[in-house]
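File shown here: run21.txt, holding compact mmCIF, C-alpha atoms and all ligand atoms.
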# COMPACT_ATOMS: atom_id res chain seq x y z
CA MET A 1 149.55 96.88 50.87
CA LYS A 2 151.35 95.60 47.77
CA PRO A 3 153.34 92.38 48.38
CA LYS A 4 157.09 92.95 48.02
CA LYS A 5 158.51 91.52 44.81
CA THR A 6 161.44 89.15 45.11
CA ALA A 7 163.69 87.67 42.47
CA LYS A 8 163.00 84.46 40.63
CA ILE A 9 165.20 81.71 42.04
CA ILE A 10 167.39 80.08 39.41
CA ASP A 11 167.24 76.47 40.57
CA GLY A 12 170.57 74.79 39.87
CA LYS A 13 169.38 71.48 41.30
CA LYS A 14 166.47 71.30 38.88
CA ILE A 15 168.48 72.44 35.86
CA SER A 16 171.35 70.06 36.62
CA ALA A 17 168.86 67.20 37.04
CA ALA A 18 167.52 67.93 33.53
CA ILE A 19 171.08 67.90 32.13
CA LEU A 20 171.85 64.60 33.88
CA ALA A 21 168.62 63.11 32.50
CA ASP A 22 169.74 64.05 28.96
CA LEU A 23 173.16 62.53 29.65
CA ARG A 24 171.58 59.27 30.85
CA ARG A 25 170.02 58.90 27.41
CA ASP A 26 173.37 59.57 25.69
CA ILE A 27 175.07 57.06 27.98
CA ALA A 28 172.45 54.40 27.19
CA MET A 29 173.07 55.03 23.49
CA LEU A 30 176.84 54.67 23.98
CA ARG A 31 176.38 51.47 25.99
CA ASP A 32 174.36 50.02 23.11
CA LYS A 33 177.48 50.55 21.04
CA GLY A 34 179.66 48.86 23.67
CA VAL A 35 181.09 52.03 25.20
CA THR A 36 180.81 52.90 28.90
CA PRO A 37 182.04 56.41 29.72
CA GLY A 38 184.73 56.22 32.37
CA LEU A 39 185.98 58.92 34.76
CA ALA A 40 189.07 58.54 36.94
CA VAL A 41 188.71 60.60 40.11
CA VAL A 42 192.03 61.16 41.84
CA LEU A 43 192.19 62.42 45.41
CA ALA A 44 195.54 63.10 47.07
CA GLY A 45 195.39 63.74 50.81
CA ALA A 46 192.45 64.10 53.16
CA ASP A 47 191.18 67.66 52.79
CA PRO A 48 187.62 67.42 54.23
CA ALA A 49 186.04 69.71 51.59
CA SER A 50 187.79 67.78 48.79
CA GLU A 51 186.51 64.50 50.22
CA VAL A 52 182.94 65.86 50.12
CA TYR A 53 183.33 67.06 46.49
CA VAL A 54 184.91 63.77 45.36
CA LYS A 55 182.18 61.76 47.03
CA ALA A 56 179.51 63.79 45.23
CA LYS A 57 181.27 63.32 41.88
CA ARG A 58 181.59 59.56 42.35
CA ARG A 59 177.95 59.30 43.47
CA THR A 60 176.74 61.19 40.39
CA CYS A 61 178.83 58.88 38.16
CA ALA A 62 177.06 55.86 39.71
CA GLU A 63 173.63 57.49 39.33
CA ILE A 64 173.93 58.15 35.61
CA GLY A 65 175.97 55.13 34.50
CA VAL A 66 179.46 56.59 34.19
CA GLU A 67 182.06 54.13 35.45
CA SER A 68 184.21 55.84 38.05
CA PHE A 69 187.74 54.72 38.85
CA SER A 70 188.76 55.83 42.34
CA HIS A 71 192.38 56.59 43.16
CA ASP A 72 192.89 57.82 46.71
CA LEU A 73 196.48 58.65 47.53
CA PRO A 74 197.89 59.57 50.94
CA GLU A 75 198.76 63.17 51.85
CA ASN A 76 202.48 62.30 51.73
CA CYS A 77 202.41 60.70 48.28
CA THR A 78 205.16 61.97 46.02
CA GLU A 79 204.64 64.03 42.87
CA LYS A 80 206.44 61.26 40.97
CA ARG A 81 203.86 58.70 42.11
CA LEU A 82 200.97 60.95 41.11
CA LEU A 83 202.53 61.65 37.70
CA LYS A 84 203.04 57.91 37.18
CA LEU A 85 199.35 57.34 37.95
CA ILE A 86 198.30 60.08 35.48
CA ASP A 87 200.51 58.45 32.85
CA LYS A 88 198.81 55.11 33.46
CA LEU A 89 195.34 56.67 33.27
CA ASN A 90 196.29 58.50 30.06
CA GLY A 91 196.99 55.11 28.49
CA ASP A 92 193.90 53.33 29.86
CA SER A 93 191.22 53.12 27.15
CA ARG A 94 188.44 52.58 29.75
CA VAL A 95 189.21 56.02 31.21
CA HIS A 96 187.81 58.83 29.06
CA GLY A 97 188.20 61.60 31.61
CA ILE A 98 190.69 62.27 34.41
CA LEU A 99 189.83 64.53 37.30
CA VAL A 100 192.47 65.44 39.88
CA GLN A 101 190.76 67.06 42.84
CA LEU A 102 192.35 70.36 43.85
CA PRO A 103 193.99 71.60 46.00
CA LEU A 104 196.86 69.11 45.96
CA PRO A 105 199.18 68.68 48.96
CA ARG A 106 201.58 71.64 49.05
CA HIS A 107 204.67 69.66 48.02
CA ILE A 108 203.08 68.71 44.67
CA SER A 109 203.04 71.08 41.69
CA GLU A 110 199.45 71.51 40.45
CA LYS A 111 200.79 72.90 37.21
CA ARG A 112 202.96 69.85 36.46
CA VAL A 113 200.15 67.45 37.39
CA LEU A 114 197.43 69.22 35.36
CA GLU A 115 199.72 69.54 32.36
CA ALA A 116 200.46 65.78 32.52
CA ILE A 117 196.81 64.95 31.75
CA LEU A 118 196.17 64.38 28.04
CA PRO A 119 194.09 67.36 26.77
CA GLU A 120 191.52 64.89 25.33
CA LYS A 121 191.00 63.43 28.84
CA ASP A 122 191.13 66.81 30.64
CA VAL A 123 187.41 66.95 31.51
CA ASP A 124 188.04 69.67 34.11
CA GLY A 125 189.27 71.94 31.32
CA PHE A 126 192.39 73.12 33.20
CA HIS A 127 195.06 71.99 30.71
CA PRO A 128 196.64 75.00 28.92
CA VAL A 129 195.66 73.46 25.56
CA ASN A 130 191.97 73.50 26.54
CA VAL A 131 192.29 76.96 28.09
CA GLY A 132 193.85 78.27 24.86
CA ARG A 133 191.25 76.61 22.68
CA LEU A 134 188.50 78.08 24.84
CA LEU A 135 189.91 81.56 24.37
CA ASN A 136 190.23 80.98 20.61
CA GLY A 137 186.62 79.81 20.42
CA GLU A 138 187.68 76.32 19.31
CA GLU A 139 186.25 72.93 20.25
CA CYS A 140 187.56 72.15 23.76
CA PHE A 141 186.66 71.10 27.27
CA ALA A 142 185.54 74.27 29.04
CA SER A 143 186.12 74.25 32.78
CA CYS A 144 183.09 73.02 34.64
CA THR A 145 182.03 75.89 36.93
CA PRO A 146 182.08 78.56 34.19
CA ALA A 147 180.33 76.17 31.79
CA GLY A 148 177.76 75.58 34.55
CA CYS A 149 177.15 79.33 34.94
CA GLN A 150 176.63 79.67 31.19
CA ALA A 151 174.24 76.69 31.12
CA LEU A 152 172.28 78.15 34.06
CA LEU A 153 171.77 81.40 32.15
CA GLN A 154 170.84 79.67 28.90
CA ARG A 155 168.49 77.14 30.43
CA SER A 156 166.68 79.72 32.53
CA GLY A 157 166.10 81.98 29.52
CA TYR A 158 168.62 84.74 30.29
CA ASP A 159 170.65 84.90 27.10
CA PRO A 160 173.87 86.86 27.72
CA ALA A 161 173.96 88.08 24.09
CA GLY A 162 174.35 91.86 24.01
CA LYS A 163 174.22 92.06 27.80
CA HIS A 164 176.82 93.58 30.08
CA VAL A 165 178.17 90.80 32.28
CA VAL A 166 180.28 91.88 35.24
CA ILE A 167 182.34 89.12 36.88
CA VAL A 168 183.89 89.78 40.28
CA GLY A 169 186.89 87.43 40.53
CA ARG A 170 189.67 86.61 38.05
CA SER A 171 190.79 83.12 39.07
CA ASN A 172 191.94 80.61 36.47
CA ILE A 173 189.13 78.24 37.39
CA VAL A 174 186.16 80.62 37.47
CA GLY A 175 186.52 84.30 36.53
CA LYS A 176 188.90 84.14 33.57
CA PRO A 177 187.41 81.09 31.79
CA LEU A 178 183.88 82.43 32.34
CA ALA A 179 184.86 85.68 30.65
CA ALA A 180 186.46 83.67 27.81
CA LEU A 181 183.23 81.68 27.36
CA LEU A 182 180.88 84.64 27.40
CA ILE A 183 182.80 86.86 24.96
CA GLN A 184 182.73 84.22 22.20
CA LYS A 185 180.83 84.80 18.99
CA ALA A 186 178.61 81.83 19.79
CA ALA A 187 175.23 80.78 21.12
CA GLY A 188 174.93 81.44 24.84
CA ALA A 189 177.67 84.07 24.65
CA ASN A 190 178.13 87.35 22.71
CA ALA A 191 178.21 89.31 25.98
CA THR A 192 180.17 92.43 26.82
CA VAL A 193 182.28 91.38 29.79
CA THR A 194 183.95 93.34 32.58
CA ILE A 195 186.15 91.59 35.14
CA CYS A 196 186.71 93.06 38.61
CA HIS A 197 189.23 91.86 41.21
CA SER A 198 190.83 92.88 44.47
CA ARG A 199 192.69 95.80 42.84
CA THR A 200 189.58 97.22 41.14
CA ARG A 201 188.78 100.68 42.47
CA ASN A 202 185.17 101.34 43.38
CA ILE A 203 183.78 97.90 42.50
CA GLY A 204 180.19 99.08 43.07
CA LYS A 205 180.50 101.46 40.11
CA PHE A 206 180.99 98.42 37.84
CA THR A 207 178.63 95.97 39.52
CA ARG A 208 175.78 98.50 39.34
CA GLU A 209 176.19 98.55 35.57
CA ALA A 210 175.75 94.80 35.24
CA ASP A 211 172.78 93.27 33.45
CA ILE A 212 174.22 89.97 34.65
CA LEU A 213 176.40 90.01 37.76
CA VAL A 214 178.59 87.02 38.64
CA ALA A 215 180.19 86.90 42.10
CA ALA A 216 183.19 84.54 42.29
CA MET A 217 185.42 85.86 45.03
CA GLY A 218 185.15 83.64 48.07
CA VAL A 219 184.17 86.55 50.34
CA PRO A 220 180.97 85.85 52.31
CA GLU A 221 178.04 88.12 51.33
CA PHE A 222 180.31 90.76 49.79
CA ILE A 223 177.78 91.86 47.15
CA LYS A 224 175.25 94.08 48.92
CA PRO A 225 171.92 95.34 47.51
CA ARG A 226 173.39 98.82 46.87
CA MET A 227 175.93 97.21 44.50
CA VAL A 228 173.25 95.66 42.29
CA ARG A 229 171.19 97.26 39.53
CA LYS A 230 167.43 96.82 39.88
CA GLY A 231 166.33 93.96 37.65
CA ALA A 232 169.80 92.39 37.28
CA ILE A 233 170.41 88.65 36.98
CA VAL A 234 172.74 87.55 39.79
CA ILE A 235 174.85 84.37 39.67
CA ASP A 236 176.53 83.54 42.97
CA VAL A 237 179.49 81.17 42.57
CA GLY A 238 180.86 81.66 46.09
CA VAL A 239 180.75 78.89 48.68
CA ASN A 240 181.68 80.09 52.17
CA ARG A 241 181.13 78.40 55.52
CA ILE A 242 180.37 80.92 58.27
CA PRO A 243 179.60 80.47 61.99
CA ASP A 244 175.90 80.12 62.87
CA GLN A 245 175.03 79.18 66.44
CA THR A 246 171.38 78.58 65.50
CA ARG A 247 172.48 75.49 63.50
CA LYS A 248 173.30 72.14 65.04
CA SER A 249 176.58 72.08 63.10
CA GLY A 250 177.41 75.61 64.33
CA THR A 251 177.98 76.75 60.75
CA ARG A 252 176.11 77.42 57.51
CA LEU A 253 176.95 77.93 53.86
CA VAL A 254 176.58 81.33 52.25
CA GLY A 255 177.58 82.69 48.89
CA ASP A 256 179.41 85.87 47.93
CA VAL A 257 176.06 87.68 47.63
CA ALA A 258 173.98 89.01 50.54
CA PHE A 259 171.08 86.89 49.30
CA ALA A 260 168.06 88.22 51.21
CA GLY A 261 168.62 91.88 50.36
CA VAL A 262 169.84 91.35 46.80
CA ALA A 263 166.88 89.06 46.02
CA LYS A 264 164.58 92.05 46.61
CA LYS A 265 166.37 94.01 43.89
CA ALA A 266 167.38 91.40 41.33
CA ARG A 267 165.15 89.92 38.67
CA ALA A 268 166.63 86.45 39.18
CA ILE A 269 169.26 84.99 41.49
CA THR A 270 170.99 81.68 42.23
CA PRO A 271 170.84 80.37 45.80
CA VAL A 272 173.77 78.92 47.79
CA PRO A 273 173.62 75.99 48.11
CA GLY A 274 171.58 74.72 45.17
CA GLY A 275 172.69 77.15 42.46
CA VAL A 276 176.03 76.89 40.68
CA GLY A 277 177.34 73.94 42.77
CA PRO A 278 175.19 71.16 41.23
CA MET A 279 175.88 72.59 37.76
CA THR A 280 179.63 72.10 38.18
CA ILE A 281 179.13 68.35 38.64
CA ALA A 282 176.64 68.17 35.76
CA MET A 283 179.20 69.83 33.45
CA LEU A 284 181.89 67.39 34.59
CA MET A 285 179.60 64.53 33.63
CA SER A 286 178.78 66.23 30.33
CA ASN A 287 182.50 66.63 29.51
CA THR A 288 183.13 62.97 30.40
CA VAL A 289 180.37 61.78 28.08
CA LYS A 290 181.71 64.11 25.38
CA ALA A 291 185.21 62.64 25.86
CA ALA A 292 183.81 59.10 25.58
CA CYS A 293 181.93 60.03 22.39
CA ARG A 294 185.06 61.50 20.83
CA ALA A 295 187.32 58.61 21.86
CA SER A 296 184.88 56.06 20.45
CA GLY A 297 184.14 57.98 17.26
CA ASN A 298 180.50 58.63 18.17
CA ALA A 299 178.97 62.04 17.56
CA SER A 300 178.53 64.04 20.76
CA LYS A 301 175.24 65.87 21.22
CA ARG A 302 176.66 68.00 24.01
CA THR A 303 178.70 71.14 23.63
N1 LIG B 1 180.06 76.25 43.25
C1 LIG B 1 181.15 75.71 42.71
O1 LIG B 1 181.11 74.67 42.07
C2 LIG B 1 182.44 76.42 42.88
C3 LIG B 1 183.54 76.08 42.09
C4 LIG B 1 184.72 76.82 42.23
C5 LIG B 1 184.79 77.83 43.19
N2 LIG B 1 183.71 78.08 43.96
C6 LIG B 1 183.72 79.14 44.95
O2 LIG B 1 183.84 80.39 44.27
C7 LIG B 1 184.58 81.30 45.05
C8 LIG B 1 185.77 81.78 44.23
O3 LIG B 1 186.59 80.68 43.94
P1 LIG B 1 187.99 80.83 43.19
O4 LIG B 1 188.64 79.50 43.18
O5 LIG B 1 187.77 81.56 41.93
O6 LIG B 1 188.74 81.77 44.27
P2 LIG B 1 190.17 82.44 44.21
O7 LIG B 1 191.11 81.66 43.37
O8 LIG B 1 190.53 82.73 45.63
O9 LIG B 1 189.90 83.83 43.47
C9 LIG B 1 189.12 84.82 44.06
C10 LIG B 1 189.07 86.02 43.16
O10 LIG B 1 188.26 87.01 43.79
C11 LIG B 1 188.98 88.22 43.88
N3 LIG B 1 188.69 88.88 45.15
C12 LIG B 1 188.90 88.40 46.40
N4 LIG B 1 188.52 89.30 47.32
C13 LIG B 1 188.06 90.37 46.63
C14 LIG B 1 187.53 91.62 47.01
N5 LIG B 1 187.40 91.97 48.29
N6 LIG B 1 187.17 92.48 46.04
C15 LIG B 1 187.31 92.15 44.74
N7 LIG B 1 187.79 90.96 44.31
C16 LIG B 1 188.17 90.09 45.25
C17 LIG B 1 190.45 87.85 43.82
O11 LIG B 1 191.16 88.95 43.32
P3 LIG B 1 192.77 88.93 43.08
O12 LIG B 1 192.98 88.09 41.85
O13 LIG B 1 193.10 90.34 42.86
O14 LIG B 1 193.36 88.31 44.30
C18 LIG B 1 190.43 86.65 42.90
O15 LIG B 1 190.52 87.05 41.55
C19 LIG B 1 184.96 80.55 46.32
O16 LIG B 1 183.98 80.81 47.31
C20 LIG B 1 184.88 79.09 45.90
O17 LIG B 1 184.60 78.23 46.99
C21 LIG B 1 182.54 77.42 43.82
Take the structure in this file and express it as structure tokens.
Amino acid sequence: MKPKKTAKIIDGKKISAAILADLRRDIAMLRDKGVTPGLAVVLAGADPASEVYVKAKRRTCAEIGVESFSHDLPENCTEKRLLKLIDKLNGDSRVHGILVQLPLPRHISEKRVLEAILPEKDVDGFHPVNVGRLLNGEECFASCTPAGCQALLQRSGYDPAGKHVVIVGRSNIVGKPLAALLIQKAAGANATVTICHSRTRNIGKFTREADILVAAMGVPEFIKPRMVRKGAIVIDVGVNRIPDQTRKSGTRLVGDVAFAGVAKKARAITPVPGGVGPMTIAMLMSNTVKAACRASGNASKRT
């Protein structure tokens, strides 16, 4: 009997490790010139998931030689206090990038806080100036998760040029900026992009047409094998915790794609965890090094 074919696993851990290794070399070069890239990581409140993400970001900074400046504020901190901190960080020459972990406590306006960050320190790529530049195809900080998806495709040899990319999800942090990246007349882009969302009728009709399918919805295992074209490349951005009594923790992480079934149909697929997640942090580090290069007048090798 013929063995069943399964998709190639696109290993985000391995690819992000290669990116971080390249960045280490750039950082060593900057240090020789007296510049240490610095990232301010601001956490307001005690959201458990945010704490995990912030810890991972700070740990990666330490591993590659980026100086991280930690600012942990209480849940009840005022918007005024947070804006004052951003103002201080904007003026601090040791800080090349500012990351404010989202979501913020409900009484604080994310919009006002994100817009207070100087665009040249906005390494998360959420400031409207960077969003606009991204859409215009200008030099900018692209938001990290979409940039991570693009880097995954490029580094694993799946060039989106001329391909039909279908993205399920239209959020400002994933779906929309990913579409903006992939439609550019640029290397690693030149795709034909369709975006689906909760009001799209008959989503399967679109997803089945995808050469490259990106799931970014936050709905556990929504993308079933019948929704995927044979031989498609599948990028799963979703991170969902679902109950699992077989695990000691009682839960496990799954993506937005029903992995086991879809892997039998796809040509390549990202796992969850270990796919897009590590790439998001690698892109944050890349943007921080790029910001340090620009601020110090050194040429950046990273895009
Ligand atoms: N790995 C990483 O580094 C990383 C980073 C960011 C996010 N994520 C994960 O990615 C997922 C999406 O995050 P997000 O921040 O983009 O989420 P979000 O802001 O909640 O947006 C979800 C999008 O999916 C669409 N959607 C939801 N249910 C749908 C359905 N049944 N059919 C079609 N479309 C549907 C929504 O449509 P409407 O606009 O019509 O409501 C929305 O556009 C989450 O699981 C999140 O945890 C992972």
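Taking only C-alpha atoms and all ligand atoms into account, ligand LIG 1 (chain B) lies nearest to A:Val239 out of the set A:Val257, A:Val234, A:Val239, A:Ile19.
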Problem - Closest of A:Val95, A:Leu102, A:Val254, A:Leu181 to Leu135 of chain A - atom-to-atom distances counting only C-alpha atoms - result: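 Closest to Leu135 of chain A of all the choices is A:Leu181.
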Around all the atoms of ligand LIG 1 (chain B) listed in the file, with 6 Å of room on each side, what axis-aligned box do you get, giving centre and edge lengths in Å to one decimal, as JSON?
{"center_x": 186.7, "center_y": 83.6, "center_z": 44.9, "size_x": 25.3, "size_y": 29.8, "size_z": 18.7}
Surrounding residues of segment 273-285 of chain A excluding itself and chain neighbours under 3 positions, 8 Å, all atoms listed in the file, as a PDB file with C-alpha atoms, keeping the file's coordinate frame:
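Saved file selection_39.pdb follows:
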ATOM      1  CA  ILE A  10     167.390  80.080  39.410  1.00  0.00           C
ATOM      2  CA  ASP A  11     167.240  76.470  40.570  1.00  0.00           C
ATOM      3  CA  GLY A  12     170.570  74.790  39.870  1.00  0.00           C
ATOM      4  CA  LYS A  13     169.380  71.480  41.300  1.00  0.00           C
ATOM      5  CA  ILE A  15     168.480  72.440  35.860  1.00  0.00           C
ATOM      6  CA  SER A  16     171.350  70.060  36.620  1.00  0.00           C
ATOM      7  CA  ALA A  17     168.860  67.200  37.040  1.00  0.00           C
ATOM      8  CA  ILE A  19     171.080  67.900  32.130  1.00  0.00           C
ATOM      9  CA  LEU A  20     171.850  64.600  33.880  1.00  0.00           C
ATOM     10  CA  LEU A  23     173.160  62.530  29.650  1.00  0.00           C
ATOM     11  CA  LYS A  57     181.270  63.320  41.880  1.00  0.00           C
ATOM     12  CA  THR A  60     176.740  61.190  40.390  1.00  0.00           C
ATOM     13  CA  CYS A  61     178.830  58.880  38.160  1.00  0.00           C
ATOM     14  CA  VAL A  66     179.460  56.590  34.190  1.00  0.00           C
ATOM     15  CA  VAL A 123     187.410  66.950  31.510  1.00  0.00           C
ATOM     16  CA  ASP A 124     188.040  69.670  34.110  1.00  0.00           C
ATOM     17  CA  CYS A 144     183.090  73.020  34.640  1.00  0.00           C
ATOM     18  CA  THR A 145     182.030  75.890  36.930  1.00  0.00           C
ATOM     19  CA  PRO A 146     182.080  78.560  34.190  1.00  0.00           C
ATOM     20  CA  ALA A 147     180.330  76.170  31.790  1.00  0.00           C
ATOM     21  CA  GLY A 148     177.760  75.580  34.550  1.00  0.00           C
ATOM     22  CA  CYS A 149     177.150  79.330  34.940  1.00  0.00           C
ATOM     23  CA  ALA A 151     174.240  76.690  31.120  1.00  0.00           C
ATOM     24  CA  LEU A 152     172.280  78.150  34.060  1.00  0.00           C
ATOM     25  CA  ILE A 235     174.850  84.370  39.670  1.00  0.00           C
ATOM     26  CA  ASP A 236     176.530  83.540  42.970  1.00  0.00           C
ATOM     27  CA  VAL A 237     179.490  81.170  42.570  1.00  0.00           C
ATOM     28  CA  VAL A 239     180.750  78.890  48.680  1.00  0.00           C
ATOM     29  CA  LEU A 253     176.950  77.930  53.860  1.00  0.00           C
ATOM     30  CA  VAL A 254     176.580  81.330  52.250  1.00  0.00           C
ATOM     31  CA  GLY A 255     177.580  82.690  48.890  1.00  0.00           C
ATOM     32  CA  THR A 270     170.990  81.680  42.230  1.00  0.00           C
ATOM     33  CA  THR A 288     183.130  62.970  30.400  1.00  0.00           C
ATOM     34  CA  VAL A 289     180.370  61.780  28.080  1.00  0.00           C
TER      35      VAL A 289
END
With all atoms listed in the file counted, collect every polymer residue having an atom within 6 Å of ligand LIG 1 (chain B); state the result as a short mmCIF file (atom, residue, chain, number, x, y, z; two decimals) with C-alpha atoms, in the coordinates of the input.
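New file pocket_7.cif:
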data_model
loop_
_atom_site.label_atom_id
_atom_site.label_comp_id
_atom_site.auth_asym_id
_atom_site.auth_seq_id
_atom_site.Cartn_x
_atom_site.Cartn_y
_atom_site.Cartn_z
CA THR A 145 182.03 75.89 36.93
CA VAL A 168 183.89 89.78 40.28
CA GLY A 169 186.89 87.43 40.53
CA ARG A 170 189.67 86.61 38.05
CA SER A 171 190.79 83.12 39.07
CA ILE A 173 189.13 78.24 37.39
CA VAL A 174 186.16 80.62 37.47
CA HIS A 197 189.23 91.86 41.21
CA SER A 198 190.83 92.88 44.47
CA ARG A 199 192.69 95.80 42.84
CA ALA A 216 183.19 84.54 42.29
CA MET A 217 185.42 85.86 45.03
CA GLY A 218 185.15 83.64 48.07
CA VAL A 219 184.17 86.55 50.34
CA VAL A 237 179.49 81.17 42.57
CA GLY A 238 180.86 81.66 46.09
CA VAL A 239 180.75 78.89 48.68
CA ASN A 240 181.68 80.09 52.17
CA VAL A 276 176.03 76.89 40.68
CA GLY A 277 177.34 73.94 42.77
CA THR A 280 179.63 72.10 38.18
#
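A straight line drawn from atom CA of His127 of chain A to atom CA of Asn190 of chain A is 24.2 Å long.
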Handout entry: Atom pair atom CA of Glu51 of chain A / atom CA of Asp26 of chain A: separation (Å)
Key = 28.3 Å
Exercise for the section: Find the distance between atom CA of Asn172 of chain A and atom CA of Glu209 of chain A and write it in Å to one decimal. Expected result: 23.9 Å
Fill in the blank from the handout: The residue from A:Ala46, A:Ala21, A:Gly97, A:Ala40 with the smallest atom-to-atom distance to Ile64 of chain A, counting only C-alpha atoms, is A:Ala21
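The environment of Ala179 of chain A within 8 Å, counting all atoms listed in the file and disregarding residues fewer than 2 places along the same chain, consists of Ile167, Gly175, Lys176, Pro177, Leu181, Leu182, Ile183, Val193, Thr194 and Ile195 of chain A.
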Exercise for the section: Pick out the residues sitting within 7 Å of segment 74-83 of chain A, and hand them over as JSON, numbers by chain; count all atoms listed in the file, and ignore anything fewer than 2 positions along from it in its own chain. Expected result: {"A": [44, 45, 46, 72, 85, 86, 87, 105, 108, 113, 116]}
Exercise for the section: Using all atoms listed in the file, find the one residue out of A:Leu73, A:Val42, A:Ala49, A:Val129 that sits nearest to Val100 of chain A. Expected result: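 Ranked by minimum distance to Val100 of chain A, first place goes to A:Val42.
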Handout entry: Selected residue, from A:Gly188, A:Ile9, A:Lys55, A:Ser68, that lies nearest to Val272 of chain A when counting all atoms listed in the file
Key = A:Ile9
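Nearest residue to Arg226 of chain A among A:Ala187, A:Ile203, A:Val166, A:Leu30 is A:Ile203, counting all atoms listed in the file.
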Handout entry: Spatial sel., origin (185.3, 54.6, 31.9), limit 12 Å, only C-alpha atoms, listed as a PyMOL selection string
Key = chain A and resi 27+30-31+34-41+61-62+65-70+89-90+92-98+121+285+288-289+291-293+295-296
Would you mind exporting the chosen residues as a PDB file, in the frame of the given file, restricted to C-alpha atoms?
ATOM      1  CA  ILE A  27     175.070  57.060  27.980  1.00  0.00           C
ATOM      2  CA  LEU A  30     176.840  54.670  23.980  1.00  0.00           C
ATOM      3  CA  ARG A  31     176.380  51.470  25.990  1.00  0.00           C
ATOM      4  CA  GLY A  34     179.660  48.860  23.670  1.00  0.00           C
ATOM      5  CA  VAL A  35     181.090  52.030  25.200  1.00  0.00           C
ATOM      6  CA  THR A  36     180.810  52.900  28.900  1.00  0.00           C
ATOM      7  CA  PRO A  37     182.040  56.410  29.720  1.00  0.00           C
ATOM      8  CA  GLY A  38     184.730  56.220  32.370  1.00  0.00           C
ATOM      9  CA  LEU A  39     185.980  58.920  34.760  1.00  0.00           C
ATOM     10  CA  ALA A  40     189.070  58.540  36.940  1.00  0.00           C
ATOM     11  CA  VAL A  41     188.710  60.600  40.110  1.00  0.00           C
ATOM     12  CA  CYS A  61     178.830  58.880  38.160  1.00  0.00           C
ATOM     13  CA  ALA A  62     177.060  55.860  39.710  1.00  0.00           C
ATOM     14  CA  GLY A  65     175.970  55.130  34.500  1.00  0.00           C
ATOM     15  CA  VAL A  66     179.460  56.590  34.190  1.00  0.00           C
ATOM     16  CA  GLU A  67     182.060  54.130  35.450  1.00  0.00           C
ATOM     17  CA  SER A  68     184.210  55.840  38.050  1.00  0.00           C
ATOM     18  CA  PHE A  69     187.740  54.720  38.850  1.00  0.00           C
ATOM     19  CA  SER A  70     188.760  55.830  42.340  1.00  0.00           C
ATOM     20  CA  LEU A  89     195.340  56.670  33.270  1.00  0.00           C
ATOM     21  CA  ASN A  90     196.290  58.500  30.060  1.00  0.00           C
ATOM     22  CA  ASP A  92     193.900  53.330  29.860  1.00  0.00           C
ATOM     23  CA  SER A  93     191.220  53.120  27.150  1.00  0.00           C
ATOM     24  CA  ARG A  94     188.440  52.580  29.750  1.00  0.00           C
ATOM     25  CA  VAL A  95     189.210  56.020  31.210  1.00  0.00           C
ATOM     26  CA  HIS A  96     187.810  58.830  29.060  1.00  0.00           C
ATOM     27  CA  GLY A  97     188.200  61.600  31.610  1.00  0.00           C
ATOM     28  CA  ILE A  98     190.690  62.270  34.410  1.00  0.00           C
ATOM     29  CA  LYS A 121     191.000  63.430  28.840  1.00  0.00           C
ATOM     30  CA  MET A 285     179.600  64.530  33.630  1.00  0.00           C
ATOM     31  CA  THR A 288     183.130  62.970  30.400  1.00  0.00           C
ATOM     32  CA  VAL A 289     180.370  61.780  28.080  1.00  0.00           C
ATOM     33  CA  ALA A 291     185.210  62.640  25.860  1.00  0.00           C
ATOM     34  CA  ALA A 292     183.810  59.100  25.580  1.00  0.00           C
ATOM     35  CA  CYS A 293     181.930  60.030  22.390  1.00  0.00           C
ATOM     36  CA  ALA A 295     187.320  58.610  21.860  1.00  0.00           C
ATOM     37  CA  SER A 296     184.880  56.060  20.450  1.00  0.00           C
TER      38      SER A 296
END
